[in-house]
Amino acid sequence: MAENGSEKMAEEERNASAEKLKEKANNYFKDKDYENAIKYYTEALDLNPSNAIYYSNRSLAYLRTECYGYALGDATRALELDKNYIKGYYRRATSNMALGKFKAALKDYETVVRVRPNDKDAKMKYQECNKIVKQKAFERAIASDELKRSVVDSLDIENMTIEDDYAGPKLEDGKVTLKFMQDLMDWFKDQKKLHRKCAYQMLVQVKEVLSKLPSLVEITLKETEKITICGDTHGQYYDLLNIFELNGLPSITNPYLFNGDFVDRGSFSVEVILTLFGFKLLYPEHFHLLRGNHETDNMNQMYGFEGEVKAKYTGQMFQLFSEVFQWLPLTQCINNKVLVMHGGLFSEDGVTLDDIRKIDRNRQPPDSGPMCDLLWSDPQPQNGRSISKRGVSCQFGPDVTERFLEQNKLQYIVRSHEVKAEGYEVTHSGKCITVFSAPNYCDQMGNKGAYIHLRGSDLKPEFHQFTAVVSG
């Protein structure tokens, strides 16, 4: 009997300690320090693994750090422990929504709305999700087997008129010039809108340029030349201008490579992408753009770009952006030694540069395979591979990086895709470098941004950090 009593006391003590850890985690969460919040929720769960609330709280912290796969796992576990726990349904719906699994999300939102008919937020999410499910069903119903006609075919750009009261930049004889780019950046800086005719002209031209490029672009830097590699910019227009301020405008002698995720999240995605496309048109051989996981329809639908284009222009223009994004190359190789991609390496060994060259990229990315991995995967510190924290692709260890580099005679890889407190991170014994160029990401992460200089003479990465500027 006494033994039972002491076991019960020990359990009560463990549970009390777990509650304290949960409180500590909650405080970190309030301060937006999600990494520490996750750490202490995990410690609380080690002491009391049958508490649905801890799982649900950690799920929300994972959502904040965009670890949607982990968030989904925790929400599911919370519901296994307590099937009446409404917050669990809400978290699971949010995770599935973030992963583009709209039908699964809708089912959980239905449950929440049924139990809490007065929850305005839940009702709004339910309606939004329901709309997407219906829209997808409609798109499937009307999609025919014939090749989809390009938006370009239905545009009559020639006959679009530029109104007399429009005082903004215009293309010169239909061409982008340096003066146009300088005027455009000033115009956007004042939060004014480029005329739709010019925007359409640029999109049609950039589609033409990108569609001629291979999926793996190869460039050579001479001994004396350098290139600047930037990571995610996510619609943070003023931070993009700051990069050009600090590092000089793009030019033939100052080439750049922007490594995907130009849009979504920030409020000025249209301005960011049109500026980048403008420089691509001005310096096609010296200004490089790679596709990120956010240059895709699913992401644009959820994280703001589609809505922003429709608000500033039209749904038809978003369709054209979508077509252009499909032609963005997936990887870039510098001097046959450094490979750059947005996400990372592959779910299985043996992928060669030739395999990458053969990827048919002109489509929405599939849920698995090399194209998906290039846009979505992340490095991990331990050897081997594990399930992705994002719920898409995988995480790969130093041994995976080592084998890939050896097989393809490369020195190291550069990737982006993850917020880093310092703006960059060097892992896998210097063979896997992350660069992220959206400082104070989402106006709340407090991170620095960074870009990398690579010189032809030694290909040794030089890191340059910068902090966020105040918009407008």
# chains A, B, ... in the order shown; residues from 1 in each chain; ligands from 1
$ select_by_dssp --residues "region 215-454 of chain A" --states "strand (DSSP E)" --output "JSON, numbers by chain"
{"A": [216, 217, 218, 219, 226, 227, 228, 229, 230, 256, 257, 258, 287, 288, 289, 331, 332, 333, 334, 338, 339, 340, 341, 378, 379, 385, 386, 387, 394, 395, 396, 412, 413, 414, 415, 424, 425, 426, 427, 432, 433, 434, 435, 449, 450, 451, 452, 453, 454]}
$ write_last_selection --atoms "N, CA and C atoms" --output "short mmCIF file (atom, residue, chain, number, x, y, z; two decimals), in the first residue's frame"
data_model
loop_
_atom_site.label_atom_id
_atom_site.label_comp_id
_atom_site.auth_asym_id
_atom_site.auth_seq_id
_atom_site.Cartn_x
_atom_site.Cartn_y
_atom_site.Cartn_z
N LEU A 216 19.36 23.24 -64.46
CA LEU A 216 20.61 23.48 -63.74
C LEU A 216 21.44 24.47 -64.55
N VAL A 217 21.56 25.69 -64.04
CA VAL A 217 22.32 26.74 -64.75
C VAL A 217 23.78 26.66 -64.32
N GLU A 218 24.68 26.71 -65.28
CA GLU A 218 26.11 26.65 -64.93
C GLU A 218 26.79 27.96 -65.28
N ILE A 219 27.55 28.51 -64.33
CA ILE A 219 28.28 29.75 -64.62
C ILE A 219 29.74 29.60 -64.20
N LYS A 226 33.55 38.25 -58.74
CA LYS A 226 32.82 37.75 -57.57
C LYS A 226 31.32 37.78 -57.87
N ILE A 227 30.58 36.96 -57.15
CA ILE A 227 29.11 36.98 -57.26
C ILE A 227 28.55 37.11 -55.85
N THR A 228 27.40 37.76 -55.72
CA THR A 228 26.72 37.90 -54.44
C THR A 228 25.52 36.96 -54.42
N ILE A 229 25.46 36.08 -53.42
CA ILE A 229 24.33 35.15 -53.30
C ILE A 229 23.44 35.61 -52.15
N CYS A 230 22.15 35.81 -52.45
CA CYS A 230 21.17 36.23 -51.44
C CYS A 230 20.15 35.11 -51.23
N TYR A 256 24.53 39.03 -59.30
CA TYR A 256 23.80 38.51 -58.14
C TYR A 256 23.14 37.18 -58.47
N LEU A 257 22.92 36.40 -57.41
CA LEU A 257 22.06 35.22 -57.50
C LEU A 257 21.10 35.28 -56.32
N PHE A 258 19.79 35.35 -56.62
CA PHE A 258 18.77 35.32 -55.58
C PHE A 258 18.16 33.92 -55.52
N PHE A 287 22.52 38.24 -63.74
CA PHE A 287 21.57 38.35 -62.64
C PHE A 287 20.75 37.06 -62.65
N HIS A 288 20.85 36.28 -61.58
CA HIS A 288 20.31 34.92 -61.61
C HIS A 288 19.23 34.73 -60.55
N LEU A 289 18.20 34.00 -60.92
CA LEU A 289 17.08 33.72 -60.01
C LEU A 289 16.81 32.22 -59.99
N THR A 331 18.46 24.96 -59.85
CA THR A 331 19.79 24.95 -59.23
C THR A 331 20.77 25.72 -60.09
N GLN A 332 21.88 26.11 -59.45
CA GLN A 332 22.95 26.79 -60.18
C GLN A 332 24.29 26.25 -59.70
N CYS A 333 25.17 25.98 -60.65
CA CYS A 333 26.49 25.46 -60.30
C CYS A 333 27.55 26.49 -60.68
N ILE A 334 28.41 26.82 -59.73
CA ILE A 334 29.44 27.85 -59.93
C ILE A 334 30.81 27.18 -60.06
N VAL A 338 30.53 24.60 -56.72
CA VAL A 338 29.56 25.00 -55.69
C VAL A 338 28.16 24.87 -56.28
N LEU A 339 27.30 24.12 -55.61
CA LEU A 339 25.93 23.96 -56.11
C LEU A 339 24.98 24.72 -55.19
N VAL A 340 24.14 25.54 -55.81
CA VAL A 340 23.17 26.36 -55.07
C VAL A 340 21.76 25.89 -55.40
N MET A 341 20.95 25.70 -54.35
CA MET A 341 19.52 25.38 -54.53
C MET A 341 18.76 25.98 -53.37
N ASP A 378 15.79 20.09 -45.75
CA ASP A 378 16.61 20.85 -44.79
C ASP A 378 17.74 19.96 -44.26
N PRO A 379 18.88 20.57 -43.90
CA PRO A 379 19.94 19.79 -43.28
C PRO A 379 19.62 19.49 -41.81
N ARG A 385 19.03 10.30 -42.65
CA ARG A 385 17.91 11.15 -43.04
C ARG A 385 16.79 10.97 -42.04
N SER A 386 15.96 11.98 -41.89
CA SER A 386 14.78 11.80 -41.04
C SER A 386 13.60 12.52 -41.66
N ILE A 387 12.43 12.27 -41.06
CA ILE A 387 11.20 12.88 -41.57
C ILE A 387 11.33 14.39 -41.43
N CYS A 394 12.50 15.81 -46.79
CA CYS A 394 13.21 15.13 -45.71
C CYS A 394 14.22 16.06 -45.07
N GLN A 395 14.88 15.57 -44.04
CA GLN A 395 16.06 16.24 -43.49
C GLN A 395 17.26 15.33 -43.75
N PHE A 396 18.40 15.93 -44.11
CA PHE A 396 19.57 15.13 -44.50
C PHE A 396 20.77 15.49 -43.64
N TYR A 412 31.01 22.21 -51.98
CA TYR A 412 29.98 22.42 -50.95
C TYR A 412 28.69 22.90 -51.62
N ILE A 413 27.60 22.93 -50.82
CA ILE A 413 26.33 23.45 -51.33
C ILE A 413 25.95 24.71 -50.56
N VAL A 414 25.21 25.59 -51.24
CA VAL A 414 24.63 26.78 -50.60
C VAL A 414 23.12 26.67 -50.76
N ARG A 415 22.40 26.88 -49.65
CA ARG A 415 20.93 26.80 -49.73
C ARG A 415 20.35 27.89 -48.83
N TYR A 424 22.89 33.64 -41.54
CA TYR A 424 23.53 32.52 -42.26
C TYR A 424 23.95 31.48 -41.24
N GLU A 425 24.29 30.29 -41.73
CA GLU A 425 24.80 29.23 -40.86
C GLU A 425 25.66 28.29 -41.68
N VAL A 426 26.76 27.87 -41.10
CA VAL A 426 27.65 26.91 -41.77
C VAL A 426 27.56 25.59 -41.01
N THR A 427 27.16 24.52 -41.71
CA THR A 427 27.03 23.21 -41.05
C THR A 427 27.73 22.14 -41.88
N CYS A 432 27.80 22.59 -46.02
CA CYS A 432 26.41 22.98 -46.27
C CYS A 432 26.19 24.35 -45.64
N ILE A 433 25.95 25.35 -46.49
CA ILE A 433 25.83 26.74 -46.02
C ILE A 433 24.40 27.21 -46.27
N THR A 434 23.81 27.82 -45.24
CA THR A 434 22.47 28.41 -45.37
C THR A 434 22.60 29.92 -45.37
N VAL A 435 21.91 30.58 -46.29
CA VAL A 435 21.89 32.06 -46.29
C VAL A 435 20.44 32.51 -46.40
N GLY A 449 19.77 39.58 -41.51
CA GLY A 449 19.81 39.05 -42.87
C GLY A 449 21.28 38.92 -43.25
N ALA A 450 21.55 38.17 -44.32
CA ALA A 450 22.95 38.06 -44.78
C ALA A 450 22.98 37.82 -46.28
N TYR A 451 24.13 38.11 -46.87
CA TYR A 451 24.41 37.65 -48.24
C TYR A 451 25.86 37.19 -48.28
N ILE A 452 26.18 36.45 -49.34
CA ILE A 452 27.51 35.83 -49.43
C ILE A 452 28.24 36.37 -50.65
N HIS A 453 29.51 36.65 -50.50
CA HIS A 453 30.37 36.92 -51.67
C HIS A 453 31.18 35.67 -51.98
N LEU A 454 31.18 35.29 -53.24
CA LEU A 454 32.04 34.19 -53.70
C LEU A 454 32.96 34.73 -54.78
#
$ select_by_dssp --residues "region 361-430 of chain A" --states "alpha helix (DSSP H)" --output "JSON, numbers by chain"
{"A": [370, 371, 372, 373, 374, 375, 376, 398, 399, 400, 401, 402, 403, 404, 405, 406, 407]}
$ write_last_selection --atoms "N, CA, C and O atoms" --output "tab-separated table (two decimals), in the first residue's frame"
chain	number	residue	atom	x	y	z
A	370	PRO	N	13.09	14.36	-56.69
A	370	PRO	CA	14.19	15.34	-56.69
A	370	PRO	C	13.75	16.80	-56.77
A	370	PRO	O	14.30	17.65	-56.08
A	371	MET	N	12.73	17.10	-57.58
A	371	MET	CA	12.30	18.51	-57.71
A	371	MET	C	11.74	19.01	-56.37
A	371	MET	O	12.06	20.11	-55.91
A	372	CYS	N	10.93	18.18	-55.73
A	372	CYS	CA	10.37	18.52	-54.43
A	372	CYS	C	11.49	18.73	-53.41
A	372	CYS	O	11.51	19.71	-52.66
A	373	ASP	N	12.47	17.81	-53.39
A	373	ASP	CA	13.58	17.90	-52.43
A	373	ASP	C	14.39	19.18	-52.61
A	373	ASP	O	14.75	19.84	-51.63
A	374	LEU	N	14.68	19.53	-53.85
A	374	LEU	CA	15.48	20.74	-54.11
A	374	LEU	C	14.81	21.99	-53.54
A	374	LEU	O	15.48	22.94	-53.14
A	375	LEU	N	13.47	22.00	-53.51
A	375	LEU	CA	12.74	23.17	-53.02
A	375	LEU	C	12.46	23.11	-51.52
A	375	LEU	O	12.26	24.14	-50.89
A	376	TRP	N	12.43	21.90	-50.93
A	376	TRP	CA	11.85	21.76	-49.60
A	376	TRP	C	12.76	21.19	-48.50
A	376	TRP	O	12.48	21.37	-47.33
A	398	PRO	N	25.10	15.14	-42.38
A	398	PRO	CA	26.41	15.44	-42.97
A	398	PRO	C	26.93	14.33	-43.89
A	398	PRO	O	27.59	14.61	-44.89
A	399	ASP	N	26.60	13.07	-43.55
A	399	ASP	CA	27.08	11.96	-44.40
A	399	ASP	C	26.41	11.99	-45.78
A	399	ASP	O	27.03	11.68	-46.80
A	400	VAL	N	25.14	12.41	-45.80
A	400	VAL	CA	24.40	12.51	-47.07
A	400	VAL	C	25.05	13.59	-47.94
A	400	VAL	O	25.29	13.40	-49.14
A	401	THR	N	25.37	14.73	-47.31
A	401	THR	CA	26.03	15.83	-48.02
A	401	THR	C	27.37	15.38	-48.58
A	401	THR	O	27.69	15.60	-49.75
A	402	GLU	N	28.13	14.73	-47.72
A	402	GLU	CA	29.48	14.24	-48.09
A	402	GLU	C	29.41	13.34	-49.32
A	402	GLU	O	30.16	13.52	-50.29
A	403	ARG	N	28.50	12.38	-49.30
A	403	ARG	CA	28.39	11.41	-50.41
A	403	ARG	C	27.97	12.11	-51.71
A	403	ARG	O	28.49	11.83	-52.79
A	404	PHE	N	27.02	13.03	-51.58
A	404	PHE	CA	26.53	13.74	-52.77
A	404	PHE	C	27.67	14.56	-53.40
A	404	PHE	O	27.86	14.55	-54.62
A	405	LEU	N	28.41	15.28	-52.56
A	405	LEU	CA	29.50	16.14	-53.07
A	405	LEU	C	30.57	15.28	-53.74
A	405	LEU	O	31.08	15.62	-54.80
A	406	GLU	N	30.90	14.17	-53.09
A	406	GLU	CA	31.94	13.29	-53.62
A	406	GLU	C	31.53	12.73	-54.98
A	406	GLU	O	32.30	12.78	-55.94
A	407	GLN	N	30.31	12.23	-55.04
A	407	GLN	CA	29.84	11.63	-56.30
A	407	GLN	C	29.83	12.65	-57.44
A	407	GLN	O	30.10	12.31	-58.59
$ closest_atom_pairs --of "region 31-115 of chain A" --to "region 126-134 of chain A" --cutoff "7 Å" --atoms "only C-alpha atoms" --output "tab-separated table"
residue	atom	partner	partner_atom	distance
A:Phe102	CA	A:Val133	CA	6.2
A:Lys103	CA	A:Val133	CA	6.5
A:Leu106	CA	A:Cys129	CA	6.0
A:Tyr109	CA	A:Tyr126	CA	5.3
A:Glu110	CA	A:Tyr126	CA	6.7
$ write_last_selection --atoms "C-alpha atoms" --output "PDB file, in the first residue's frame"
ATOM      1  CA  PHE A 102      -7.236  21.231 -47.538  1.00  0.00           C
ATOM      2  CA  LYS A 103      -9.785  18.398 -47.324  1.00  0.00           C
ATOM      3  CA  LEU A 106     -11.800  21.218 -43.639  1.00  0.00           C
ATOM      4  CA  TYR A 109     -12.513  23.004 -38.985  1.00  0.00           C
ATOM      5  CA  GLU A 110     -16.040  21.568 -39.332  1.00  0.00           C
TER       6      GLU A 110
END
$ closest_residue --among "A:Asn408, A:Ser56, A:Ser388, A:Thr233" --to "Asp355 (chain A)" --atoms "only C-alpha atoms"
A:Asn408
$ residues_around --residues "region 114-116 of chain A" --least-positions-apart "6" --cutoff "10 Å" --atoms "only C-alpha atoms" --output "list in words"
Asn84, Ile86, Asp108, Ala122 and Lys123 of chain A
$ write_last_selection --atoms "N, CA, C and O atoms" --output "PDB file, in the first residue's frame"
ATOM      1  N   ASN A  84     -11.822  14.927 -27.268  1.00  0.00           N
ATOM      2  CA  ASN A  84     -12.735  16.071 -27.107  1.00  0.00           C
ATOM      3  C   ASN A  84     -12.000  17.405 -27.000  1.00  0.00           C
ATOM      4  O   ASN A  84     -12.609  18.433 -26.730  1.00  0.00           O
ATOM      5  N   ILE A  86     -10.787  20.448 -28.218  1.00  0.00           N
ATOM      6  CA  ILE A  86     -11.108  21.228 -29.422  1.00  0.00           C
ATOM      7  C   ILE A  86      -9.883  21.933 -30.006  1.00  0.00           C
ATOM      8  O   ILE A  86      -9.704  22.002 -31.222  1.00  0.00           O
ATOM      9  N   ASP A 108     -11.545  18.984 -39.882  1.00  0.00           N
ATOM     10  CA  ASP A 108     -11.289  19.426 -38.505  1.00  0.00           C
ATOM     11  C   ASP A 108     -11.912  20.788 -38.216  1.00  0.00           C
ATOM     12  O   ASP A 108     -12.430  21.024 -37.131  1.00  0.00           O
ATOM     13  N   ALA A 122     -12.549  30.715 -36.046  1.00  0.00           N
ATOM     14  CA  ALA A 122     -12.716  29.356 -36.588  1.00  0.00           C
ATOM     15  C   ALA A 122     -13.657  29.370 -37.796  1.00  0.00           C
ATOM     16  O   ALA A 122     -13.413  28.708 -38.804  1.00  0.00           O
ATOM     17  N   LYS A 123     -14.720  30.163 -37.677  1.00  0.00           N
ATOM     18  CA  LYS A 123     -15.696  30.254 -38.762  1.00  0.00           C
ATOM     19  C   LYS A 123     -15.036  30.815 -40.033  1.00  0.00           C
ATOM     20  O   LYS A 123     -15.248  30.309 -41.133  1.00  0.00           O
TER      21      LYS A 123
END
$ residues_around --residues "Gly174 (chain A)" --least-positions-apart "3" --cutoff "12 Å" --atoms "only C-alpha atoms" --output "PyMOL selection string"
chain A and resi 157-158+169-171+177+180+197-205+281
$ write_last_selection --atoms "N, CA, C and O atoms" --output "compact mmCIF listing (two decimals), in the first residue's frame"
# COMPACT_ATOMS: atom_id res chain seq x y z
N ILE A 157 -1.51 43.09 -75.13
CA ILE A 157 -0.71 44.12 -74.43
C ILE A 157 -0.54 45.36 -75.30
O ILE A 157 -0.60 46.48 -74.81
N GLU A 158 -0.34 45.13 -76.60
CA GLU A 158 -0.13 46.24 -77.53
C GLU A 158 -1.19 47.32 -77.37
O GLU A 158 -0.91 48.51 -77.38
N PRO A 169 7.22 55.14 -64.13
CA PRO A 169 8.17 54.67 -65.13
C PRO A 169 7.49 53.87 -66.25
O PRO A 169 6.48 53.21 -66.01
N LYS A 170 8.04 54.00 -67.45
CA LYS A 170 7.55 53.21 -68.60
C LYS A 170 8.75 52.56 -69.29
O LYS A 170 9.83 53.14 -69.28
N LEU A 171 8.52 51.42 -69.89
CA LEU A 171 9.61 50.77 -70.64
C LEU A 171 9.96 51.63 -71.85
O LEU A 171 9.08 52.28 -72.43
N THR A 177 15.55 49.40 -69.16
CA THR A 177 16.86 50.06 -69.18
C THR A 177 17.26 50.34 -67.73
O THR A 177 16.43 50.20 -66.82
N PHE A 180 15.11 53.02 -66.32
CA PHE A 180 13.79 52.50 -65.96
C PHE A 180 13.86 51.82 -64.58
O PHE A 180 13.01 52.02 -63.73
N LYS A 197 0.29 47.68 -67.92
CA LYS A 197 0.85 47.37 -69.25
C LYS A 197 2.33 47.04 -69.11
O LYS A 197 2.81 46.05 -69.69
N CYS A 198 3.06 47.86 -68.34
CA CYS A 198 4.50 47.62 -68.16
C CYS A 198 4.75 46.31 -67.41
O CYS A 198 5.66 45.55 -67.74
N ALA A 199 3.91 46.06 -66.38
CA ALA A 199 4.06 44.82 -65.61
C ALA A 199 3.86 43.61 -66.52
O ALA A 199 4.65 42.66 -66.51
N TYR A 200 2.81 43.65 -67.36
CA TYR A 200 2.57 42.55 -68.30
C TYR A 200 3.73 42.39 -69.29
O TYR A 200 4.17 41.28 -69.57
N GLN A 201 4.22 43.51 -69.81
CA GLN A 201 5.34 43.44 -70.76
C GLN A 201 6.53 42.74 -70.12
O GLN A 201 7.16 41.87 -70.72
N MET A 202 6.84 43.11 -68.88
CA MET A 202 7.98 42.52 -68.18
C MET A 202 7.78 41.02 -67.97
O MET A 202 8.69 40.21 -68.17
N LEU A 203 6.57 40.64 -67.56
CA LEU A 203 6.31 39.22 -67.28
C LEU A 203 6.42 38.37 -68.55
O LEU A 203 6.98 37.27 -68.52
N VAL A 204 5.88 38.88 -69.63
CA VAL A 204 5.95 38.13 -70.90
C VAL A 204 7.42 37.96 -71.32
O VAL A 204 7.86 36.88 -71.73
N GLN A 205 8.19 39.04 -71.19
CA GLN A 205 9.60 38.98 -71.60
C GLN A 205 10.42 38.07 -70.70
O GLN A 205 11.27 37.31 -71.15
N LEU A 281 15.94 40.96 -66.75
CA LEU A 281 15.82 41.39 -68.16
C LEU A 281 16.97 42.31 -68.56
O LEU A 281 17.44 42.27 -69.69
$ residues_around --residues "Trp187 (chain A)" --least-positions-apart "6" --cutoff "10 Å" --atoms "only C-alpha atoms" --output "JSON, numbers by chain"
{"A": [167, 168, 169, 181, 193, 194, 271]}
$ residues_around --residues "Asp360 (chain A)" --least-positions-apart "6" --cutoff "10 Å" --atoms "only C-alpha atoms" --output "PDB file with all heavy atoms, in the first residue's frame"
ATOM      1  N   PRO A 214      18.285  26.109 -68.710  1.00  0.00           N
ATOM      2  CA  PRO A 214      18.157  24.725 -68.233  1.00  0.00           C
ATOM      3  C   PRO A 214      17.734  24.697 -66.755  1.00  0.00           C
ATOM      4  O   PRO A 214      17.767  25.725 -66.082  1.00  0.00           O
ATOM      5  CB  PRO A 214      19.588  24.174 -68.383  1.00  0.00           C
ATOM      6  CG  PRO A 214      20.476  25.380 -68.315  1.00  0.00           C
ATOM      7  CD  PRO A 214      19.686  26.551 -68.840  1.00  0.00           C
ATOM      8  N   SER A 215      17.345  23.513 -66.257  1.00  0.00           N
ATOM      9  CA  SER A 215      16.968  23.391 -64.841  1.00  0.00           C
ATOM     10  C   SER A 215      18.181  23.578 -63.934  1.00  0.00           C
ATOM     11  O   SER A 215      18.059  23.972 -62.782  1.00  0.00           O
ATOM     12  CB  SER A 215      16.320  22.030 -64.572  1.00  0.00           C
ATOM     13  OG  SER A 215      15.041  22.000 -65.169  1.00  0.00           O
ATOM     14  N   GLN A 326       7.027  28.800 -62.973  1.00  0.00           N
ATOM     15  CA  GLN A 326       7.312  27.410 -63.352  1.00  0.00           C
ATOM     16  C   GLN A 326       8.569  27.286 -64.207  1.00  0.00           C
ATOM     17  O   GLN A 326       9.125  26.200 -64.333  1.00  0.00           O
ATOM     18  CB  GLN A 326       6.102  26.813 -64.083  1.00  0.00           C
ATOM     19  CG  GLN A 326       4.895  26.714 -63.175  1.00  0.00           C
ATOM     20  CD  GLN A 326       3.781  25.834 -63.720  1.00  0.00           C
ATOM     21  OE1 GLN A 326       2.939  25.396 -62.964  1.00  0.00           O
ATOM     22  NE2 GLN A 326       3.762  25.574 -65.026  1.00  0.00           N
ATOM     23  N   TRP A 327       8.998  28.392 -64.786  1.00  0.00           N
ATOM     24  CA  TRP A 327      10.204  28.346 -65.625  1.00  0.00           C
ATOM     25  C   TRP A 327      11.469  28.744 -64.865  1.00  0.00           C
ATOM     26  O   TRP A 327      12.565  28.705 -65.421  1.00  0.00           O
ATOM     27  CB  TRP A 327      10.027  29.247 -66.854  1.00  0.00           C
ATOM     28  CG  TRP A 327       9.189  28.607 -67.916  1.00  0.00           C
ATOM     29  CD1 TRP A 327       7.965  29.007 -68.352  1.00  0.00           C
ATOM     30  CD2 TRP A 327       9.511  27.440 -68.689  1.00  0.00           C
ATOM     31  NE1 TRP A 327       7.493  28.161 -69.330  1.00  0.00           N
ATOM     32  CE2 TRP A 327       8.428  27.195 -69.558  1.00  0.00           C
ATOM     33  CE3 TRP A 327      10.602  26.564 -68.708  1.00  0.00           C
ATOM     34  CZ2 TRP A 327       8.402  26.120 -70.451  1.00  0.00           C
ATOM     35  CZ3 TRP A 327      10.585  25.491 -69.593  1.00  0.00           C
ATOM     36  CH2 TRP A 327       9.499  25.279 -70.452  1.00  0.00           C
ATOM     37  N   MET A 371      12.728  17.101 -57.580  1.00  0.00           N
ATOM     38  CA  MET A 371      12.300  18.506 -57.712  1.00  0.00           C
ATOM     39  C   MET A 371      11.745  19.010 -56.373  1.00  0.00           C
ATOM     40  O   MET A 371      12.061  20.110 -55.912  1.00  0.00           O
ATOM     41  CB  MET A 371      11.249  18.652 -58.802  1.00  0.00           C
ATOM     42  CG  MET A 371      10.756  20.086 -58.973  1.00  0.00           C
ATOM     43  SD  MET A 371       9.644  20.216 -60.405  1.00  0.00           S
ATOM     44  CE  MET A 371       9.096  21.911 -60.245  1.00  0.00           C
TER      45      MET A 371
END
$ decode --residues "region 108-119 of chain A" --atoms "N, CA and C atoms" --output "PDB file, in the first residue's frame"
ATOM      1  N   ASP A 108     -11.545  18.984 -39.882  1.00  0.00           N
ATOM      2  CA  ASP A 108     -11.289  19.426 -38.505  1.00  0.00           C
ATOM      3  C   ASP A 108     -11.912  20.788 -38.216  1.00  0.00           C
ATOM      4  N   TYR A 109     -11.864  21.693 -39.190  1.00  0.00           N
ATOM      5  CA  TYR A 109     -12.513  23.004 -38.985  1.00  0.00           C
ATOM      6  C   TYR A 109     -14.019  22.816 -38.780  1.00  0.00           C
ATOM      7  N   GLU A 110     -14.600  21.866 -39.498  1.00  0.00           N
ATOM      8  CA  GLU A 110     -16.040  21.568 -39.332  1.00  0.00           C
ATOM      9  C   GLU A 110     -16.331  21.179 -37.885  1.00  0.00           C
ATOM     10  N   THR A 111     -15.458  20.319 -37.333  1.00  0.00           N
ATOM     11  CA  THR A 111     -15.630  19.880 -35.939  1.00  0.00           C
ATOM     12  C   THR A 111     -15.590  21.077 -34.992  1.00  0.00           C
ATOM     13  N   VAL A 112     -14.608  21.964 -35.194  1.00  0.00           N
ATOM     14  CA  VAL A 112     -14.452  23.134 -34.318  1.00  0.00           C
ATOM     15  C   VAL A 112     -15.691  24.032 -34.402  1.00  0.00           C
ATOM     16  N   VAL A 113     -16.139  24.298 -35.623  1.00  0.00           N
ATOM     17  CA  VAL A 113     -17.280  25.202 -35.823  1.00  0.00           C
ATOM     18  C   VAL A 113     -18.563  24.595 -35.231  1.00  0.00           C
ATOM     19  N   ARG A 114     -18.673  23.277 -35.330  1.00  0.00           N
ATOM     20  CA  ARG A 114     -19.864  22.609 -34.777  1.00  0.00           C
ATOM     21  C   ARG A 114     -19.903  22.770 -33.248  1.00  0.00           C
ATOM     22  N   VAL A 115     -18.745  22.589 -32.613  1.00  0.00           N
ATOM     23  CA  VAL A 115     -18.688  22.667 -31.149  1.00  0.00           C
ATOM     24  C   VAL A 115     -18.692  24.116 -30.666  1.00  0.00           C
ATOM     25  N   ARG A 116     -18.059  24.994 -31.465  1.00  0.00           N
ATOM     26  CA  ARG A 116     -17.986  26.412 -31.051  1.00  0.00           C
ATOM     27  C   ARG A 116     -18.583  27.313 -32.118  1.00  0.00           C
ATOM     28  N   PRO A 117     -19.896  27.307 -32.250  1.00  0.00           N
ATOM     29  CA  PRO A 117     -20.528  28.067 -33.347  1.00  0.00           C
ATOM     30  C   PRO A 117     -20.263  29.572 -33.290  1.00  0.00           C
ATOM     31  N   ASN A 118     -19.852  30.086 -32.116  1.00  0.00           N
ATOM     32  CA  ASN A 118     -19.641  31.540 -31.999  1.00  0.00           C
ATOM     33  C   ASN A 118     -18.179  31.953 -32.161  1.00  0.00           C
ATOM     34  N   ASP A 119     -17.320  30.982 -32.443  1.00  0.00           N
ATOM     35  CA  ASP A 119     -15.892  31.304 -32.611  1.00  0.00           C
ATOM     36  C   ASP A 119     -15.680  31.919 -34.010  1.00  0.00           C
TER      37      ASP A 119
END
